[in-house]
Each structure stands twice: as C-alpha cells, then as structure tokens.
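Pasting input_10.txt here (compact mmCIF, C-alpha atoms):
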```
# COMPACT_ATOMS: atom_id res chain seq x y z
CA MET A 207 -12.21 38.83 46.02
CA PRO A 208 -9.68 40.69 48.19
CA PRO A 209 -8.12 43.73 46.53
CA TYR A 210 -4.51 42.77 45.99
CA PRO A 211 -3.44 44.75 42.92
CA ASP A 212 -0.69 46.75 44.65
CA ASN A 213 0.88 43.68 46.21
CA ASP A 214 0.43 41.78 42.97
CA ASN A 215 2.19 44.42 40.93
CA THR A 216 5.02 44.64 43.46
CA ASP A 217 5.49 40.87 43.36
CA LEU A 218 5.20 40.74 39.58
CA HIS A 219 7.85 43.45 39.34
CA ALA A 220 10.09 41.49 41.70
CA LEU A 221 9.51 38.28 39.73
CA GLN A 222 10.36 40.04 36.50
CA HIS A 223 13.62 41.18 38.08
CA GLY A 224 14.68 37.71 39.11
CA ASP A 225 13.22 37.42 42.61
CA ASP A 226 11.77 33.91 42.45
CA THR A 227 10.43 34.11 45.99
CA ALA A 228 7.84 36.54 44.64
CA LEU A 229 6.21 33.57 42.94
CA ASN A 230 5.81 31.90 46.32
CA ARG A 231 4.09 35.00 47.67
CA LEU A 232 1.76 35.08 44.67
CA MET A 233 0.98 31.39 45.14
CA THR A 234 0.16 31.92 48.80
CA ARG A 235 -2.14 34.80 47.89
CA TRP A 236 -3.92 33.28 44.87
CA GLN A 237 -3.85 29.53 45.34
CA LYS A 238 -7.05 29.35 47.37
CA PRO A 239 -9.37 31.38 45.08
CA LEU A 240 -7.92 29.79 41.97
CA PHE A 241 -8.28 26.30 43.39
CA ALA A 242 -11.87 27.01 44.49
CA PHE A 243 -12.75 28.19 40.99
CA ALA A 244 -11.11 25.18 39.33
CA TRP A 245 -12.70 22.75 41.76
CA ARG A 246 -16.17 24.17 41.15
CA TYR A 247 -15.57 24.10 37.43
CA LEU A 248 -14.18 20.56 37.24
CA HIS A 249 -15.63 18.89 40.35
CA ASN A 250 -12.34 17.10 40.79
CA THR A 251 -9.75 17.88 43.43
CA SER A 252 -6.66 16.48 41.75
CA ASP A 253 -7.49 18.03 38.37
CA ALA A 254 -8.11 21.39 40.02
CA HIS A 255 -4.81 21.12 41.89
CA ASP A 256 -3.03 20.20 38.68
CA LEU A 257 -4.44 23.09 36.65
CA VAL A 258 -3.76 25.69 39.34
CA ALA A 259 -0.15 24.51 39.49
CA GLU A 260 -0.01 24.85 35.72
CA VAL A 261 -1.26 28.45 35.96
CA PHE A 262 1.64 29.37 38.26
CA VAL A 263 4.13 27.57 36.03
CA ARG A 264 2.89 29.66 33.11
CA LEU A 265 3.07 32.80 35.18
CA TYR A 266 6.71 32.04 35.91
CA GLN A 267 7.50 31.20 32.29
CA GLN A 268 5.65 34.15 30.78
CA ASN A 269 6.21 36.84 33.41
CA GLN A 270 8.56 38.80 31.13
CA ARG A 271 5.74 39.23 28.62
CA LEU A 272 3.41 40.85 31.13
CA ALA A 273 3.17 44.62 31.34
CA PRO A 274 4.09 46.03 34.77
CA ASP A 275 0.52 47.31 35.27
CA THR A 276 -1.11 43.98 34.37
CA ARG A 277 -4.14 43.16 36.47
CA LEU A 278 -2.71 39.87 37.68
CA SER A 279 -5.96 38.49 39.07
CA ALA A 280 -7.63 38.84 35.68
CA TRP A 281 -4.62 37.25 33.97
CA LEU A 282 -4.58 34.30 36.38
CA PHE A 283 -8.31 33.65 36.09
CA THR A 284 -8.17 34.00 32.31
CA ILE A 285 -5.46 31.35 32.03
CA LEU A 286 -7.20 29.10 34.54
CA SER A 287 -10.63 29.36 32.91
CA ASN A 288 -9.11 28.49 29.52
CA LEU A 289 -7.28 25.51 31.03
CA CYS A 290 -10.48 24.38 32.75
CA HIS A 291 -12.43 24.73 29.52
CA ASN A 292 -9.90 22.67 27.57
CA HIS A 293 -9.66 20.07 30.31
CA HIS A 294 -13.44 19.81 30.58
CA ARG A 295 -13.77 19.27 26.83
CA TRP A 296 -10.98 16.71 26.88
CA ARG A 297 -12.70 14.89 29.75
CA ARG A 298 -15.97 14.80 27.83
CA ARG A 299 -14.21 13.21 24.87
CA HIS A 300 -12.16 10.83 27.04
CA PRO A 301 -14.47 9.73 29.82
CA ALA A 302 -12.74 7.89 32.65
CA VAL A 303 -13.46 7.01 36.23
CA SER A 304 -11.48 9.29 38.49
CA LEU A 305 -9.73 7.99 41.58
CA ASP A 306 -11.57 10.64 43.57
CA ALA A 307 -14.77 10.08 41.63
CA THR A 308 -16.74 10.34 44.81
CA ASP A 309 -16.43 14.11 44.71
CA GLN A 310 -17.90 14.28 41.24
CA HIS A 311 -21.16 16.16 41.09
CA ASP A 312 -22.17 15.55 44.66
CA GLY A 313 -20.82 18.84 45.89
CA THR A 314 -19.54 17.24 49.06
CA ASN A 315 -15.88 16.90 48.18
CA GLY A 316 -15.94 13.14 48.48
CA THR A 317 -16.54 13.15 52.21
CA PRO A 318 -18.82 10.46 53.51
CA LEU A 319 -22.40 11.57 53.65
CA ALA A 320 -22.47 11.24 57.41
CA ASN A 321 -19.57 13.66 57.73
CA ALA A 322 -21.18 16.12 55.34
CA ILE A 323 -24.21 16.41 57.57
CA PRO A 324 -23.85 19.39 59.86
CA HIS A 325 -24.19 18.54 63.50
CA ASP A 326 -27.00 21.03 63.92
CA SER A 327 -29.02 19.59 61.07
CA PRO A 328 -32.61 19.19 62.05
CA THR A 329 -33.29 15.70 60.74
CA PRO A 330 -31.50 13.12 58.61
CA ASP A 331 -34.22 13.42 55.93
CA ARG A 332 -33.80 17.15 55.71
CA THR A 333 -30.04 16.82 55.46
CA LEU A 334 -30.36 14.24 52.72
CA GLU A 335 -32.59 16.59 50.76
CA ARG A 336 -30.02 19.37 51.08
CA THR A 337 -27.25 17.09 49.92
CA GLU A 338 -29.34 16.05 46.94
CA ALA A 339 -29.98 19.69 46.18
CA LEU A 340 -26.26 20.44 46.28
CA ALA A 341 -25.51 17.52 43.98
CA ALA A 342 -28.23 18.59 41.56
CA MET A 343 -26.92 22.16 41.56
CA ALA A 344 -23.34 21.02 40.95
CA ALA A 345 -24.54 18.88 38.04
CA ALA A 346 -26.60 21.74 36.62
CA ILE A 347 -23.65 24.12 36.82
CA ASP A 348 -21.52 21.51 35.11
CA ARG A 349 -23.98 21.44 32.21
CA LEU A 350 -23.76 25.20 31.69
CA PRO A 351 -21.81 26.38 28.65
CA HIS A 352 -18.27 27.56 29.41
CA GLU A 353 -19.04 31.29 29.18
CA LEU A 354 -22.07 31.10 31.47
CA LYS A 355 -20.34 28.80 33.92
CA THR A 356 -17.22 30.97 34.17
CA THR A 357 -19.27 34.12 34.58
CA LEU A 358 -21.45 32.60 37.29
CA LEU A 359 -18.52 31.15 39.26
CA LEU A 360 -16.45 34.33 39.07
CA HIS A 361 -19.36 36.48 40.09
CA HIS A 362 -20.93 34.44 42.84
CA TYR A 363 -17.89 32.81 44.42
CA GLU A 364 -14.97 35.08 43.58
CA HIS A 365 -17.08 38.24 43.87
CA LEU A 366 -15.46 39.86 40.86
CA ALA A 367 -16.93 43.03 39.34
CA TYR A 368 -18.62 42.84 35.95
CA ARG A 369 -15.76 44.79 34.43
CA GLU A 370 -13.17 42.31 35.62
CA ILE A 371 -15.25 39.31 34.58
CA GLY A 372 -15.61 40.96 31.19
CA LYS A 373 -11.82 41.17 30.92
CA ILE A 374 -11.45 37.51 31.79
CA THR A 375 -14.20 36.20 29.54
CA GLY A 376 -13.64 38.70 26.73
CA CYS A 377 -16.98 40.47 26.69
CA SER A 378 -18.56 43.74 27.76
CA GLU A 379 -20.06 44.47 31.17
CA ARG A 380 -23.48 44.32 29.55
CA GLY A 381 -22.55 40.92 28.14
CA VAL A 382 -21.52 39.72 31.60
CA GLU A 383 -24.86 40.84 32.98
CA THR A 384 -26.70 38.98 30.24
CA ARG A 385 -24.66 35.83 30.74
CA LEU A 386 -25.23 35.94 34.45
CA TYR A 387 -28.98 36.32 33.93
CA ARG A 388 -29.06 33.40 31.50
CA ALA A 389 -27.02 31.21 33.82
CA ARG A 390 -29.34 31.93 36.71
CA GLN A 391 -32.42 31.35 34.61
CA TYR A 392 -31.04 28.00 33.52
CA LEU A 393 -30.23 26.98 37.08
CA LYS A 394 -33.64 28.07 38.33
CA ALA A 395 -35.32 26.00 35.65
CA GLU A 396 -33.15 22.98 36.38
CA LEU A 397 -33.44 23.20 40.16
CA THR A 398 -37.08 24.15 40.54
CA PRO A 399 -38.02 21.27 42.88
CA PHE A 400 -35.06 21.95 45.17
CA LEU A 401 -35.50 25.71 45.26
CA ARG A 402 -39.05 25.35 46.53
CA GLU A 403 -37.78 23.34 49.46
CA THR A 404 -34.66 25.39 50.17
CA VAL A 405 -34.50 27.09 53.49
CA PRO A 406 -31.65 29.12 54.94
CA SER A 407 -29.01 26.87 56.45
CA MET B 166 -28.70 48.30 49.70
CA GLN B 167 -28.35 44.64 48.93
CA PRO B 168 -31.06 43.09 46.73
CA PRO B 169 -33.11 40.36 48.42
CA ARG B 170 -31.44 37.00 48.23
CA GLU B 171 -33.24 34.40 46.24
CA PRO B 172 -33.42 30.68 47.08
CA LEU B 173 -30.92 30.03 44.27
CA ASP B 174 -28.38 32.30 46.00
CA GLN B 175 -28.85 30.39 49.23
CA LEU B 176 -28.22 27.12 47.42
CA LEU B 177 -25.15 28.55 45.71
CA ASP B 178 -23.88 29.86 49.05
CA ARG B 179 -24.18 26.43 50.56
CA TRP B 180 -21.84 25.02 47.89
CA GLU B 181 -19.26 27.61 48.84
CA GLN B 182 -19.03 26.12 52.32
CA SER B 183 -18.17 22.69 51.01
CA THR B 184 -15.10 23.73 48.99
CA PRO B 185 -12.15 21.48 49.88
CA SER B 186 -8.88 23.01 50.91
CA SER B 187 -6.06 22.71 48.43
CA ALA B 188 -2.74 21.10 49.21
CA PRO B 189 0.36 23.35 49.13
CA LEU B 190 1.44 23.98 45.58
CA GLU B 191 4.92 25.43 45.88
CA SER B 192 6.93 22.24 45.61
CA GLU B 193 4.85 20.95 42.67
CA VAL B 194 5.11 24.26 40.81
CA TRP B 195 8.87 24.53 41.26
CA ARG B 196 9.31 20.89 40.26
CA ARG B 197 7.42 21.55 37.02
CA ILE B 198 9.38 24.72 36.33
CA ALA B 199 12.65 22.83 36.82
CA ALA B 200 11.41 20.01 34.58
CA ALA B 201 10.42 22.49 31.88
CA ASP B 202 13.80 24.21 32.07
CA ASN B 203 15.60 20.89 31.87
CA PRO B 204 13.25 18.42 30.21
CA ASP B 205 15.56 15.41 30.51
CA THR B 206 16.13 15.49 34.24
CA ASP B 207 13.03 13.40 34.94
CA ASN B 208 14.33 10.49 32.94
CA PRO B 209 18.08 9.88 32.89
CA GLU B 210 17.73 7.18 30.25
CA VAL B 211 16.09 9.61 27.91
CA ALA B 212 18.76 12.18 28.66
CA THR B 213 21.50 9.81 27.53
CA SER B 214 19.66 8.51 24.51
CA PHE B 215 19.80 10.50 21.32
CA LEU B 216 16.67 8.73 20.14
CA GLY B 217 14.96 9.68 23.38
CA ARG B 218 15.81 13.31 22.81
CA ILE B 219 14.44 13.14 19.29
CA LYS B 220 11.25 11.52 20.58
CA ALA B 221 10.89 14.17 23.25
CA VAL B 222 11.27 16.96 20.70
CA PHE B 223 8.80 15.39 18.29
CA ALA B 224 6.33 14.81 21.10
CA ARG B 225 5.65 18.55 21.01
CA PRO B 226 2.81 19.11 18.53
CA SER B 227 4.09 22.54 17.54
CA PHE B 228 7.50 21.15 16.63
CA SER B 229 6.16 18.14 14.75
CA ILE B 230 3.78 20.35 12.75
CA ALA B 231 6.58 22.80 12.00
CA PHE B 232 8.90 19.95 11.00
CA THR B 233 6.31 18.38 8.70
CA THR B 234 5.59 21.73 7.12
CA ALA B 235 9.30 22.36 6.62
CA CYS B 236 9.72 18.90 5.01
CA VAL B 237 6.81 19.50 2.64
CA LEU B 238 8.13 22.94 1.70
CA LEU B 239 11.63 21.56 1.19
CA GLY B 240 10.22 18.77 -1.01
CA LEU B 241 8.26 21.26 -3.09
CA PHE B 242 11.34 23.46 -3.36
CA LEU B 243 13.50 20.53 -4.55
CA VAL B 244 10.88 19.46 -7.09
CA GLU B 245 10.65 23.03 -8.33
CA LEU B 246 14.45 23.25 -8.48
CA ARG B 247 14.66 20.00 -10.48
CA ASN B 248 11.93 21.11 -12.86
CA SER B 249 13.65 24.41 -13.31
CA HIS B 250 16.98 22.65 -14.01
CA LEU B 251 15.39 20.25 -16.52
CA GLN B 252 13.59 23.12 -18.19
CA ALA B 253 16.83 25.08 -18.45
CA GLN B 254 18.59 22.08 -20.00
CA HIS B 255 15.75 21.55 -22.43
CA ASN B 256 15.82 25.24 -23.36
CA LEU B 257 19.55 25.08 -23.98
CA GLN B 258 19.11 22.08 -26.27
CA LEU B 259 16.37 23.86 -28.17
CA VAL B 260 18.49 26.98 -28.52
CA GLN B 261 21.41 24.91 -29.80
CA SER B 262 19.12 23.20 -32.29
CA TYR B 263 17.88 26.58 -33.35
CA LEU B 264 21.40 27.89 -33.81
CA ARG B 265 22.38 24.87 -35.88
CA LEU B 266 19.37 25.65 -38.00
CA VAL B 267 20.26 29.29 -38.58
CA ASP B 268 24.08 29.16 -38.56
CA PRO B 269 25.63 27.10 -41.35
CA LEU B 270 29.01 27.14 -39.63
CA LEU B 271 27.72 25.13 -36.71
CA SER B 272 27.86 21.39 -37.02
CA PRO B 273 28.05 21.21 -40.83
CA SER B 274 27.71 17.43 -40.82
CA THR B 275 24.16 17.77 -39.47
CA SER B 276 23.35 20.93 -41.36
CA PRO B 277 19.78 21.57 -42.46
CA ALA B 278 20.78 20.51 -45.93
CA ALA B 279 21.43 17.02 -44.64
CA ASP B 280 18.35 16.93 -42.46
CA PRO B 281 15.22 15.76 -44.29
CA HIS B 282 13.07 16.95 -41.35
CA ALA B 283 14.49 20.46 -41.33
CA SER B 284 11.15 22.11 -42.02
CA ASP B 285 9.45 20.09 -39.25
CA ASN B 286 12.30 21.02 -36.96
CA LEU B 287 11.86 24.71 -37.81
CA ASP B 288 8.14 24.52 -37.01
CA ALA B 289 8.86 22.84 -33.69
CA LEU B 290 11.51 25.43 -32.78
CA LEU B 291 9.28 28.31 -33.77
CA THR B 292 6.49 26.88 -31.64
CA TRP B 293 8.91 26.75 -28.71
CA MET B 294 9.96 30.36 -29.41
CA LYS B 295 6.34 31.41 -29.53
CA ASP B 296 5.69 29.90 -26.08
CA ASP B 297 8.93 31.02 -24.52
CA LEU B 298 8.93 34.58 -25.85
CA HIS B 299 5.13 34.97 -25.74
CA LEU B 300 4.95 35.85 -29.43
CA ASN B 301 1.55 36.57 -30.88
CA ASP B 302 0.35 34.88 -34.06
CA GLN B 303 1.24 37.86 -36.20
CA GLN B 304 4.80 37.99 -34.89
CA LEU B 305 5.17 34.24 -35.31
CA ALA B 306 3.99 34.44 -38.91
CA ARG B 307 6.47 37.22 -39.70
CA ILE B 308 9.36 35.44 -38.01
CA LYS B 309 8.50 32.24 -39.82
CA ASN B 310 8.46 34.19 -43.07
CA VAL B 311 11.92 35.62 -42.30
CA HIS B 312 13.29 32.15 -41.64
CA GLN B 313 11.70 30.68 -44.74
CA GLN B 314 13.01 33.52 -46.94
CA LEU B 315 16.59 33.11 -45.73
CA SER B 316 16.44 29.36 -45.44
CA PRO B 317 17.49 28.52 -49.07
CA HIS B 318 20.51 30.80 -48.81
CA LEU B 319 21.48 29.30 -45.46
CA LEU B 320 21.10 25.80 -46.86
CA ALA B 321 23.34 26.68 -49.78
CA LEU B 322 25.95 28.11 -47.42
CA ALA B 323 25.76 25.04 -45.22
CA SER B 324 26.29 22.90 -48.25
CA GLN B 325 29.36 24.94 -49.19
CA VAL B 326 30.73 24.64 -45.68
CA ALA B 327 30.29 20.87 -45.86
CA GLN B 328 32.01 20.83 -49.24
CA MET B 329 34.95 22.84 -47.90
CA GLN B 330 35.18 20.54 -44.94
CA ARG B 331 35.56 17.63 -47.31
CA SER B 332 38.21 19.55 -49.31
CA LEU B 333 40.18 20.19 -46.15
CA THR B 334 40.06 16.50 -45.33
CA GLN B 335 41.35 15.75 -48.83
CA PHE B 336 44.23 18.23 -48.38
CA GLU B 337 45.13 16.60 -45.14
CA ASN B 338 45.06 13.10 -46.67
CA GLU B 339 47.34 14.19 -49.56
CA ARG B 340 49.75 15.83 -47.16
CA ALA B 341 49.87 12.65 -45.08
CA SER B 342 50.29 10.27 -48.05
CA ASP B 343 52.53 12.31 -50.43
CA GLY B 344 54.28 14.52 -47.91
CA GLN B 345 53.63 17.49 -50.21
CA VAL B 346 51.31 20.48 -50.04
CA ASP B 347 50.22 22.72 -52.91
CA PHE B 348 50.58 25.95 -51.02
CA LEU B 349 49.03 28.13 -53.73
CA GLU B 350 45.92 25.99 -53.84
CA PHE B 351 45.79 25.82 -50.07
CA ALA B 352 46.08 29.60 -49.84
CA ARG B 353 43.14 29.90 -52.21
CA PHE B 354 41.23 27.43 -50.09
CA VAL B 355 41.91 29.43 -46.93
CA GLU B 356 40.80 32.63 -48.61
CA GLN B 357 37.59 30.97 -49.83
CA ARG B 358 36.94 29.61 -46.39
CA ARG B 359 37.38 33.03 -44.79
CA LYS B 360 35.01 34.54 -47.30
CA LEU B 361 32.47 31.78 -46.66
CA ASP B 362 32.75 32.25 -42.90
CA ARG B 363 32.10 35.98 -43.25
CA GLU B 364 29.11 35.31 -45.46
CA CYS B 365 27.71 32.72 -43.03
CA ASN B 366 28.11 35.08 -40.09
CA GLU B 367 26.54 37.90 -42.03
CA SER B 368 23.57 35.75 -43.06
CA THR B 369 22.95 34.47 -39.55
CA ARG B 370 23.29 37.95 -38.08
CA ARG B 371 20.82 39.23 -40.64
CA LEU B 372 18.32 36.50 -39.79
CA ILE B 373 18.60 37.19 -36.07
CA ALA B 374 18.35 40.94 -36.64
CA GLU B 375 15.30 40.64 -38.86
CA SER B 376 13.64 38.27 -36.38
CA SER B 377 14.44 40.67 -33.56
CA ASP B 378 12.86 43.55 -35.41
CA VAL B 379 9.52 41.79 -35.24
CA MET B 380 9.72 41.52 -31.46
CA THR B 381 9.02 43.96 -28.66
CA PRO B 382 12.07 45.25 -26.76
CA GLN B 383 11.42 42.81 -23.92
CA GLN B 384 11.01 39.86 -26.29
CA ARG B 385 14.14 40.93 -28.17
CA GLU B 386 16.17 41.11 -25.01
CA GLN B 387 14.94 37.67 -23.93
CA TYR B 388 15.61 36.27 -27.42
CA LEU B 389 19.21 37.50 -27.43
CA GLN B 390 19.70 36.31 -23.86
CA LEU B 391 18.47 32.86 -24.88
CA LEU B 392 20.95 32.74 -27.75
CA ASP B 393 23.86 34.03 -25.73
CA PRO B 394 24.70 30.88 -23.64
CA ALA B 395 24.16 28.65 -26.63
CA LEU B 396 26.47 30.80 -28.74
CA LYS B 397 29.14 30.49 -26.09
CA THR B 398 28.62 26.71 -25.79
CA THR B 399 28.67 26.05 -29.51
CA GLY B 400 31.56 28.39 -30.22
CA GLY B 401 29.42 30.72 -32.26
CA GLY B 402 30.70 33.75 -30.39
CA SER B 403 31.81 35.28 -33.65
CA LEU B 404 28.21 36.18 -34.31
```

Let me see whether you can do it: turn the structure in this file into structure tokens.
Amino acid sequence: MPPYPDNDNTDLHALQHGDDTALNRLMTRWQKPLFAFAWRYLHNTSDAHDLVAEVFVRLYQQNQRLAPDTRLSAWLFTILSNLCHNHHRWRRRHPAVSLDATDQHDGTNGTPLANAIPHDSPTPDRTLERTEALAAMAAAIDRLPHELKTTLLLHHYEHLAYREIGKITGCSERGVETRLYRARQYLKAELTPFLRETVPS
Amino acid sequence: MQPPREPLDQLLDRWEQSTPSSAPLESEVWRRIAAADNPDTDNPEVATSFLGRIKAVFARPSFSIAFTTACVLLGLFLVELRNSHLQAQHNLQLVQSYLRLVDPLLSPSTSPAADPHASDNLDALLTWMKDDLHLNDQQLARIKNVHQQLSPHLLALASQVAQMQRSLTQFENERASDGQVDFLEFARFVEQRRKLDRECNESTRRLIAESSDVMTPQQREQYLQLLDPALKTTGGGSL
C-alpha cells in the first residue's frame, strides 16, 4: 500500500477544520484500495461500492472524534472490514440473487468468459482451467472465517505490514502471522488440484 | 531477499489482475451525507407528515430500544409511585386507628370502650408496628404489655369522655328548649372537662413515652414521626 500518512493527516486536519474538499482528496486516494478489498471480500461490485461509500460517509460524520495523529488507512480498513463482515453475515442469512450475480465467485468480475481470456493465452483449454482455478480460489477465500480472510486480503493485496493488520483486526503481530499461515494452509488444502497445474501467467 | 513464491501466491496474484475498477464515489458520498444531515429531503411527503417523521425516528433501532426502555422504566416508576402512595395512605389510616386506641379524646363515639373488637384491633395494630418499626419479639411483648396495662384506665377515661359528651348535648338541649342555662353547673362541667382532658393527655403521653422507652433511638424517632402527621390530622396536637 502506498505510504500516505502525511497527506492523510494533512487532509484529516483540513477536514476537521471545515474543509470539505479534503474528503474528496481522501476519496481519490483511498477509493481504489478500499474498493478492491471490499470486492474481494464480498465478490459483488455494487455491494463493494456501497460499503466503500459508507466508509467515507462515516469518516465525514466522525472526523471530529479522530485524533490528529490517527493512522487513517488503519481506521478506514477497520471500518470497511467490519462493514464487510456484517454485510457478509447478513447475506448468508438473507440469500438473494444479485443483479450482478455473474461476478459471484468466478473471480472474473462478470465479464464474459471469452473476454476474460488473455489474448496471449496458449490454448482455450488451458485458459478454462485457469478460470476454474480463479473461481475455486475465490470460493475458498469466501469460505474463510472473517479474521483469516481479512488478514489474507490485507496482506497479499493491500501489502500492509503485520503491525498495521494487527491494528485493523485487533490482534498482535504474532497473531497476524498465525492467521496468515492458517489461511494459506486452508487455501492450499482446498486448491490442491489447481495448484499442481498452476504455471506462471 | 524475497522468499520463493509458491503456486498459491501465483494464483492469488492472478486474482489481483481481475479486480474491476470502481465508479467515482464523490457524488454518492455527498448525497448520503446530505441525506443524513437532512433525513427528510429524500421524501417530501414524509417531511410534511408528522406521522412520517415519527415513523422515521422509530425506524432507528437505537431510538426504538431507548424509547421502549424509557416506557418500561416510566411504567415501573408509576407503579412504584402508586404503591408508595397507597402504602402511605394505609399507614396513615393505621396510625389514626392506633391513636384512637390510645387517646380517649379522639373520636369518643368509637372509643375502645364501644368497640367489642378492641383487643383484636390492638393485636393487628401492634403487628403492623412490629413490621413497620422492625421491632423484635421481646420489644413487641413489652410494648403489648404497656398497652394492656394502661388499657383499662384509657377505657375508663374514654367512657368518661363519652359521658361528658352526652352531658354537653343535654345542656345544649335544655338551653334550646327552656332558654335558660345553669351557669354554676355549667362552670363545674367545664372544669371537669378540663381536668378530664388533662388526664387523657397525660395518660396517652405516658403510654407513648413508655412504648418509646422500649425502642431503639431509630425506632423511637420513626415511631414519633409516624404519629406526628396523624396527630395533626386528628387534632391531637395537644399531645
């Protein structure tokens, strides 16, 4: 994740002193990583969009409560991971077919399979196998418990340090390491047939 | 030095490439902020409807929970208040009954002498005193003894008070029918009545004092406090 703390603190300070345009700057800076996290967590574009918007609304509403030296990235990911967790639980209890259901668990963002195939793919069979592997991995990640899933996503995709992940998930660096190990072990066990066939893309 | 990348990392990396791009958020975020600041702007009908406003407020779980809790607490408070009021009224009635029992000057027409259940009434009142003042069995026995010892004298006094009340009525009837008053006899009557009043007050005071002596300071204070409003109500302030 890019190191933005100085800019973040400057913008937070401005926001706390009534400069609403600071929120726009923060949105520009953090929308993409937050959306990516939410999308990988929920596998649903509109839900991810909705929750990220909610994070920024809460930032605006609660900015006066934040200390000037708050690590904003940790705060944003903490709020977002909690929202994702709640939303995921709610979805499990209230199953429904999403309008963009095609991007559920296939890891291809709902794009037609033909479009998801890279032009330099060796053969259609090989590409199909890779797509299946992606879908299986997305489904396996979805089955991970919240703590393991959050830790894995923040570490692998947002490239956060153990210390920062610990702040977000409320555990020690050692705990983060353990969670990461368990998440990887689970995925390896679930994806054994695909991992044997995986080759660098 | 980077650790060697495992096949799982390669698979995870491939997912990273397929992340969709997000649509711009600014307008949506500011719309929600404005809606939160002014919850009725989204629906003008709701804004103009008082019922709509109420519904909107109660739609918030935190408010509805707080409101329900407040209603329950208010209900409990009102029930407690009513119980307390009824208890206070009941206590006052008991105290007045007690005073009528120990003060011959109060309500002579229903004096203990005329009440065949006086002893039952005394037991009931002493039981109430025991509960209210937290008297132990020993104290209760001594207080009961005090009351029983003075009871015959109080009954006699009550009887005299009733007799004098009848005499006064007779004086009044004679004055109304004959238009004459025997002032010497009436003066004697007044003197007797004053003497009887003093004796009644003295006897009642003695009974209360002897009962108080049996009690602890806290019980005594509570006992006298209990009697105080009843004394004022029944006009027994002379005690």

What's the 12 Å shell around A:Thr398, counting all atoms listed in the file, without same-chain residues fewer than 5 positions away, as a PyMOL selection string? (chain A and resi 339+342-343+346+390-393+403-404) or (chain B and resi 172-173+176)

To box stretch 320-325 of chain B, take all atoms listed in the file, fit an axis-aligned box, add 3 Å on each side, and give centre and edge lengths in Å to one decimal, as AutoDock Vina command-line options.
```
--center_x 25.2 --center_y 25.5 --center_z -47.5 --size_x 14.3 --size_y 11.2 --size_z 10.6
```

Which is closest to A:Gln267 among A:Leu401, A:Leu229, A:Ile371, A:Ala395, if we use all atoms listed in the file?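 The closest residue to A:Gln267 is A:Leu229.
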
At a cut-off of 7 Å, list the chain B residues touching chain A, using all atoms listed in the file, as number ranges by chain. B: 172-173, 175, 180-181, 183-185, 187, 190-191, 193-194, 197-198

Near B:Leu291, counting only C-alpha atoms, which residues have an atom at most 9 Å away, once you skip same-chain residues fewer than 5 positions from it, shown as an NGL selection string? :B and (263 or 286 or 296 or 305 or 308-309)

Nearby residues (only C-alpha atoms) at most 12 Å from B:Gln328, same-chain spacing under 3 positions excluded, as a list in words: Pro269, Leu270, Pro273, Ser274, Ser276, Ala278, Ala321, Leu322, Ala323, Ser324, Gln325, Arg331, Ser332, Leu333, Thr334, Gln335, Phe354, Gln357, Arg358 and Leu361 of chain B

Please measure the separation of atom CA of B:Phe232 and atom CA of A:Arg271, giving the value in Å to one decimal.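 These atoms are spaced 26.3 Å apart.
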
Using only C-alpha atoms, which of B:Leu246, B:Val346, B:Leu266, B:Val355 sits nearest B:Met329?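 Under the stated criterion, the closest residue is B:Val355.
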
Select, from A:Lys373, A:Arg235, A:Arg277, A:Arg298, the residue with the minimum atom-to-atom distance to A:Asp348, counting all atoms listed in the file.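 Smallest separation from A:Asp348 among the options: A:Arg298.
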
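Our summary of the geometry notes that atom CA of A:Phe283 is positioned 15.2 Å from atom CA of A:Val382.
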
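What separates atom CA of A:Trp236 from atom CA of A:Asp275 is a distance of 17.6 Å.
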
Point out the residue among B:Ala188, B:Leu298, B:Leu177, B:Leu319 with the least atom-to-atom distance to B:Ser377, counting only C-alpha atoms.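 Closest to B:Ser377 of all the choices is B:Leu298.
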
A:Leu358: which residues within 7 Å, counting only C-alpha atoms, same-chain residues fewer than 4 positions away excluded, as a list in words? Leu354, His362, Leu386 and Ala389 of chain A

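Of the residues under consideration (B:Asp178, B:Asp268, B:Asp202, B:Asp288), B:Asp268 shows the shortest atom-to-atom contact distance to B:Ser368 when counting all atoms listed in the file.
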
Selected residue, from A:Arg385, A:Arg380, A:His365, A:His219, that lies nearest to A:Gln270 when counting all atoms listed in the file: A:His219

Any idea what's packed within 10 Å of A:His352, counting only C-alpha atoms, ignoring anything in its chain fewer than 2 positions away? Could you give it as number ranges by chain? A: 247, 287-288, 290-292, 294-295, 347-350, 354-358, 375
